[in-house]
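Structure record follows, encoded as structure tokens.
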Amino acid sequence: MERIGIYGGTFNPPHIGHILAASQAIETLKLDKLLLIPDRIAPHKDLPDNSATPEQRLEMLRIAAAGIPKMEVSSLELDREGPSYTFETVSQLRLRHPQAELFLLMGADMFLSFENWHRAEQIAREVTIAVAYRGDKGEREAIEAQKNLLEEKGYRILVLENPVHSISSTQLRRLLAFHCAGEFLPKGVEDYILSNGLYDTAADWKNLPMEQLERVVVSLLKPSRVAHVLGCRDTAVELAKRWGADPTDAARAGILHDITKALDGPLQLTLCAAYGKILDDFSRKYPKTLHAFTGALVAERIFGENPRVVSAIAHHTTGKAEMNVLETIIYVADYMEPNRDFPGVEQLRQLAFQDLYGALRLGLEMTLEHLKQQGSEVSSQSREALEWLTGQDARQPL
């Protein structure tokens, strides 16, 4: 009996993780062939505005899978009109291969929501569901619980160990915008993306007016981060007007300060390597703290910001000795913008408009105390900033 795998998705764009997962499935499931099927219209989500067309996603997938044994790219869903429902794809494949054993590949997130799929029971009657597991223990436990529930209904479920690249297409699109995605793309796919200017790779984002800059930044953030970033920008402008800094610089540093925050620790390191930056021991040990440094790199190289803005972004998490007014404003605004809610934030807000450096000192002290309670290491820059401020007690408030 022929064994056929079905691997569908947006593939927006296809990346190394997709191809490695497909190769792993071919080997583990002993497939005679695996069909990679990009959808025309994803029924469960809207694609970002900068997405490739269905035809471009199909072509990239063909490039990515070229020459790989038992791996085929199908235009089955692109040949249909309307949303690309999996039950229709499975039904068509069953008609073409009436005697074959069909395996439907999916990731953990899709599997955990499978019962909500359109005509899920119809799909399950025709296929064995193969779940590619790549997450932590909690995810594995959730998968096992779902597997038990669905097997009670008669569904056929296999869980595949899948130690492959965990990058998502969403994260990859961010890296493409930051010009550092090459290592995650199959051979030939990056050239196709660049030659067609896909995923903002040809965009000129230098010196954008604030309205356009806001749109671009929001598109690169996690949705949960947007309110904070806009709040930081607006607070930074208020503080700049109070303390005599340039409001335009404050606004631009405020809206860009978390531009790389959505990248996890390993991807922060990827960006640094792509930009040729050598890191100190603390940064390599705690890569999640790198978003200020990488944000400054992106602000300079991708957005063309001036040195004042770049420096303010670079030091907005740790601080440093000899901080100027703009650097201090961004540090304090990030800490106290209206969406922040923690013990002491109201005191910090009042102090920020009375004594700016006093607010900086309070913010640093609260950070160091929080890290101490967590048992976490403190950046040398934070210690140096606090020592510098301690030596400034005799000066007038600012």
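Labeling convention for the structure tokens: chains A, B, ... as they appear, residues from 1 per chain, ligands from 1 in order of appearance.
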
What are the nearest atom pairs, with distances in Å to one decimal, for all residues of stretch 32-109 of chain A that come at most 10 Å from stretch 6-9 of chain A, using only C-alpha atoms, set out by chain and rising residue number as a Markdown table?
```
| residue | atom | partner | partner_atom | distance |
| --- | --- | --- | --- | --- |
| A:Lys33 | CA | A:Ile6 | CA | 8.9 |
| A:Leu34 | CA | A:Ile6 | CA | 5.9 |
| A:Leu35 | CA | A:Ile6 | CA | 5.0 |
| A:Leu36 | CA | A:Tyr7 | CA | 5.0 |
| A:Ile37 | CA | A:Gly8 | CA | 4.6 |
| A:Pro38 | CA | A:Gly9 | CA | 5.3 |
| A:Asp39 | CA | A:Gly9 | CA | 5.9 |
| A:Arg40 | CA | A:Gly9 | CA | 9.3 |
| A:Ile41 | CA | A:Gly9 | CA | 9.8 |
| A:Ala42 | CA | A:Gly9 | CA | 7.7 |
| A:Glu72 | CA | A:Ile6 | CA | 9.9 |
| A:Val73 | CA | A:Tyr7 | CA | 9.5 |
| A:Ser74 | CA | A:Gly8 | CA | 9.6 |
| A:Glu77 | CA | A:Gly8 | CA | 9.1 |
| A:Ser84 | CA | A:Gly9 | CA | 9.4 |
| A:Thr86 | CA | A:Gly8 | CA | 8.2 |
| A:Thr89 | CA | A:Ile6 | CA | 9.2 |
| A:Val90 | CA | A:Ile6 | CA | 8.4 |
| A:Leu93 | CA | A:Ile6 | CA | 9.2 |
| A:Leu102 | CA | A:Ile6 | CA | 7.2 |
| A:Phe103 | CA | A:Ile6 | CA | 6.0 |
| A:Leu104 | CA | A:Ile6 | CA | 4.9 |
| A:Leu105 | CA | A:Tyr7 | CA | 5.2 |
| A:Met106 | CA | A:Tyr7 | CA | 7.0 |
| A:Gly107 | CA | A:Tyr7 | CA | 10.0 |
```

Exercise for the section: Mind checking which residues fall within 12 Å of A:Asp281, counting only C-alpha atoms, ignoring those fewer than 3 positions away in the same chain, and posting them as a list in words? Expected result: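 Those residues are Ile278, Arg284, Lys285, Tyr286, Pro287, Leu290, Glu377, Ser379 and Ser380 of chain A.
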
Practice task
Step one, run DSSP on the backbone; step two, keep only residues of stretch 163-377 of chain A assigned to alpha helix (DSSP H); then write them as a PyMOL selection string.
Solution key: chain A and resi 169-177+189-196+210-220+226-243+247-256+265-274+281-285+291-301+307-314+325-336+345-352+356-374

Convert the current residue selection to file output with C-alpha atoms, as a compact mmCIF listing (two decimals), in the first residue's frame.
```txt
# COMPACT_ATOMS: atom_id res chain seq x y z
CA SER A 169 7.47 32.21 9.18
CA THR A 170 6.43 35.28 11.20
CA GLN A 171 9.87 35.52 12.80
CA LEU A 172 11.51 34.85 9.44
CA ARG A 173 9.67 37.77 7.86
CA ARG A 174 11.04 40.00 10.62
CA LEU A 175 14.56 38.78 9.93
CA LEU A 176 14.07 39.41 6.22
CA ALA A 177 13.04 42.99 6.98
CA VAL A 189 14.80 30.87 -1.91
CA GLU A 190 16.64 33.91 -0.58
CA ASP A 191 17.72 34.85 -4.12
CA TYR A 192 14.11 34.57 -5.28
CA ILE A 193 12.89 36.75 -2.40
CA LEU A 194 15.52 39.42 -3.01
CA SER A 195 15.11 39.46 -6.78
CA ASN A 196 11.37 39.97 -6.37
CA MET A 210 6.35 59.50 11.97
CA GLU A 211 3.01 58.33 10.55
CA GLN A 212 4.75 55.93 8.14
CA LEU A 213 7.31 54.91 10.76
CA GLU A 214 4.52 53.97 13.16
CA ARG A 215 2.87 51.74 10.54
CA VAL A 216 6.12 49.92 9.81
CA VAL A 217 7.07 49.47 13.46
CA VAL A 218 3.63 48.16 14.41
CA SER A 219 3.85 45.57 11.62
CA LEU A 220 7.10 44.24 13.09
CA VAL A 226 2.10 47.78 20.43
CA ALA A 227 0.34 49.69 23.22
CA HIS A 228 3.55 49.80 25.27
CA VAL A 229 5.64 51.12 22.38
CA LEU A 230 3.17 53.84 21.48
CA GLY A 231 2.86 54.75 25.16
CA CYS A 232 6.64 54.98 25.47
CA ARG A 233 6.83 57.26 22.44
CA ASP A 234 4.18 59.64 23.74
CA THR A 235 5.67 59.70 27.25
CA ALA A 236 9.14 60.36 25.83
CA VAL A 237 7.80 63.38 23.92
CA GLU A 238 6.21 64.79 27.10
CA LEU A 239 9.47 64.35 29.01
CA ALA A 240 11.49 65.89 26.17
CA LYS A 241 9.32 69.01 26.26
CA ARG A 242 9.72 69.20 30.06
CA TRP A 243 13.50 68.77 30.08
CA PRO A 247 10.86 65.97 20.89
CA THR A 248 11.42 64.50 17.43
CA ASP A 249 14.43 62.49 18.60
CA ALA A 250 12.46 61.40 21.66
CA ALA A 251 9.50 60.27 19.55
CA ARG A 252 11.67 58.29 17.14
CA ALA A 253 13.72 56.63 19.87
CA GLY A 254 10.53 55.85 21.79
CA ILE A 255 8.75 54.15 18.92
CA LEU A 256 11.85 52.21 17.83
CA GLY A 265 17.36 34.95 22.42
CA PRO A 266 18.85 32.76 19.66
CA LEU A 267 17.52 35.09 16.96
CA GLN A 268 19.03 38.08 18.77
CA LEU A 269 22.37 36.30 18.43
CA THR A 270 21.62 35.61 14.76
CA LEU A 271 21.10 39.31 14.10
CA CYS A 272 24.33 40.23 15.87
CA ALA A 273 26.28 37.65 13.86
CA ALA A 274 24.74 38.84 10.59
CA ASP A 281 30.20 37.45 27.98
CA PHE A 282 27.09 38.88 29.69
CA SER A 283 25.27 39.34 26.38
CA ARG A 284 26.11 35.84 25.19
CA LYS A 285 24.96 34.42 28.53
CA HIS A 291 17.02 43.72 22.22
CA ALA A 292 18.29 47.19 23.18
CA PHE A 293 21.60 46.55 21.40
CA THR A 294 20.05 44.92 18.34
CA GLY A 295 17.30 47.53 18.28
CA ALA A 296 19.96 50.23 18.04
CA LEU A 297 21.65 48.36 15.18
CA VAL A 298 18.37 48.09 13.27
CA ALA A 299 17.47 51.72 14.01
CA GLU A 300 20.79 52.81 12.50
CA ARG A 301 21.08 50.42 9.53
CA PRO A 307 23.49 58.81 16.57
CA ARG A 308 21.46 60.48 19.34
CA VAL A 309 18.44 58.25 18.73
CA VAL A 310 20.60 55.14 18.24
CA SER A 311 22.42 55.67 21.54
CA ALA A 312 19.17 56.26 23.45
CA ILE A 313 17.78 52.95 22.15
CA ALA A 314 21.01 51.09 22.90
CA VAL A 325 19.12 63.79 28.77
CA LEU A 326 17.66 61.92 25.76
CA GLU A 327 19.12 58.58 26.88
CA THR A 328 17.67 59.14 30.34
CA ILE A 329 14.27 60.12 28.93
CA ILE A 330 13.96 56.87 26.92
CA TYR A 331 15.04 54.75 29.89
CA VAL A 332 12.50 56.43 32.18
CA ALA A 333 9.69 56.57 29.58
CA ASP A 334 10.07 52.85 28.93
CA TYR A 335 9.74 52.21 32.65
CA MET A 336 6.75 54.46 33.42
CA VAL A 345 5.33 53.20 39.21
CA GLU A 346 3.22 56.17 40.37
CA GLN A 347 6.13 57.48 42.44
CA LEU A 348 8.34 57.12 39.38
CA ARG A 349 5.85 59.02 37.20
CA GLN A 350 5.70 61.95 39.60
CA LEU A 351 9.47 62.05 40.04
CA ALA A 352 10.13 62.00 36.29
CA LEU A 356 14.65 63.30 35.74
CA TYR A 357 17.90 61.80 37.01
CA GLY A 358 16.24 61.01 40.31
CA ALA A 359 13.70 58.98 38.34
CA LEU A 360 16.53 57.25 36.49
CA ARG A 361 18.16 56.35 39.77
CA LEU A 362 14.88 55.02 41.19
CA GLY A 363 14.31 52.93 38.07
CA LEU A 364 17.80 51.44 38.26
CA GLU A 365 17.40 50.67 41.97
CA MET A 366 14.07 48.92 41.36
CA THR A 367 15.58 46.92 38.49
CA LEU A 368 18.56 45.80 40.54
CA GLU A 369 16.32 44.80 43.44
CA HIS A 370 14.07 42.82 41.11
CA LEU A 371 17.06 40.99 39.58
CA LYS A 372 18.43 40.29 43.05
CA GLN A 373 15.13 38.69 44.10
CA GLN A 374 15.19 36.55 40.96
```

Practice task
Quote the spacing between atom CA of A:Val131 and atom CA of A:Tyr85 in Å to one decimal place.
Solution key: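 A separation of 18.5 Å between them.
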
Exercise for the section: Determine the nearest neighbour of A:Lys288 from the options A:Tyr275, A:Ala142, A:Asn162, A:Leu263, counting only C-alpha atoms. Expected result: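 Distance minimum relative to A:Lys288 lands on A:Leu263.
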
Handout entry: Exercise: A:Ser382 partners within 8 Å, only C-alpha atoms, chain neighbours under 5 positions left out, as a PyMOL selection string
Key = chain A and resi 318-320+364

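Restricting the calculation to only C-alpha atoms, the smallest distance between A:Asp32 and any of A:Pro83, A:Asn116, A:Leu279, A:Met71 is found for A:Met71.
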
Handout entry: Distance in Å - atom CA of A:His257 versus atom CA of A:Lys222
Key =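 Interatomic distance here is 13.7 Å.
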
Problem - Residue list (strand (DSSP E), DSSP) for stretch 146-310 of chain A, as a list in words - result: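 Assigned to strand (DSSP E), within stretch 146-310 of chain A: Ile157, Leu158, Val159, Leu160 and Glu161 of chain A.
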
Within 9 Å of stretch 13-25 of chain A: each stretch 117-160 of chain A residue with its shortest pair, only C-alpha atoms, as CSV:
```
residue,atom,partner,partner_atom,distance
A:Ala130,CA,A:Ala25,CA,8.5
A:Ala132,CA,A:Ala21,CA,7.5
A:Leu160,CA,A:Ala25,CA,7.7
```
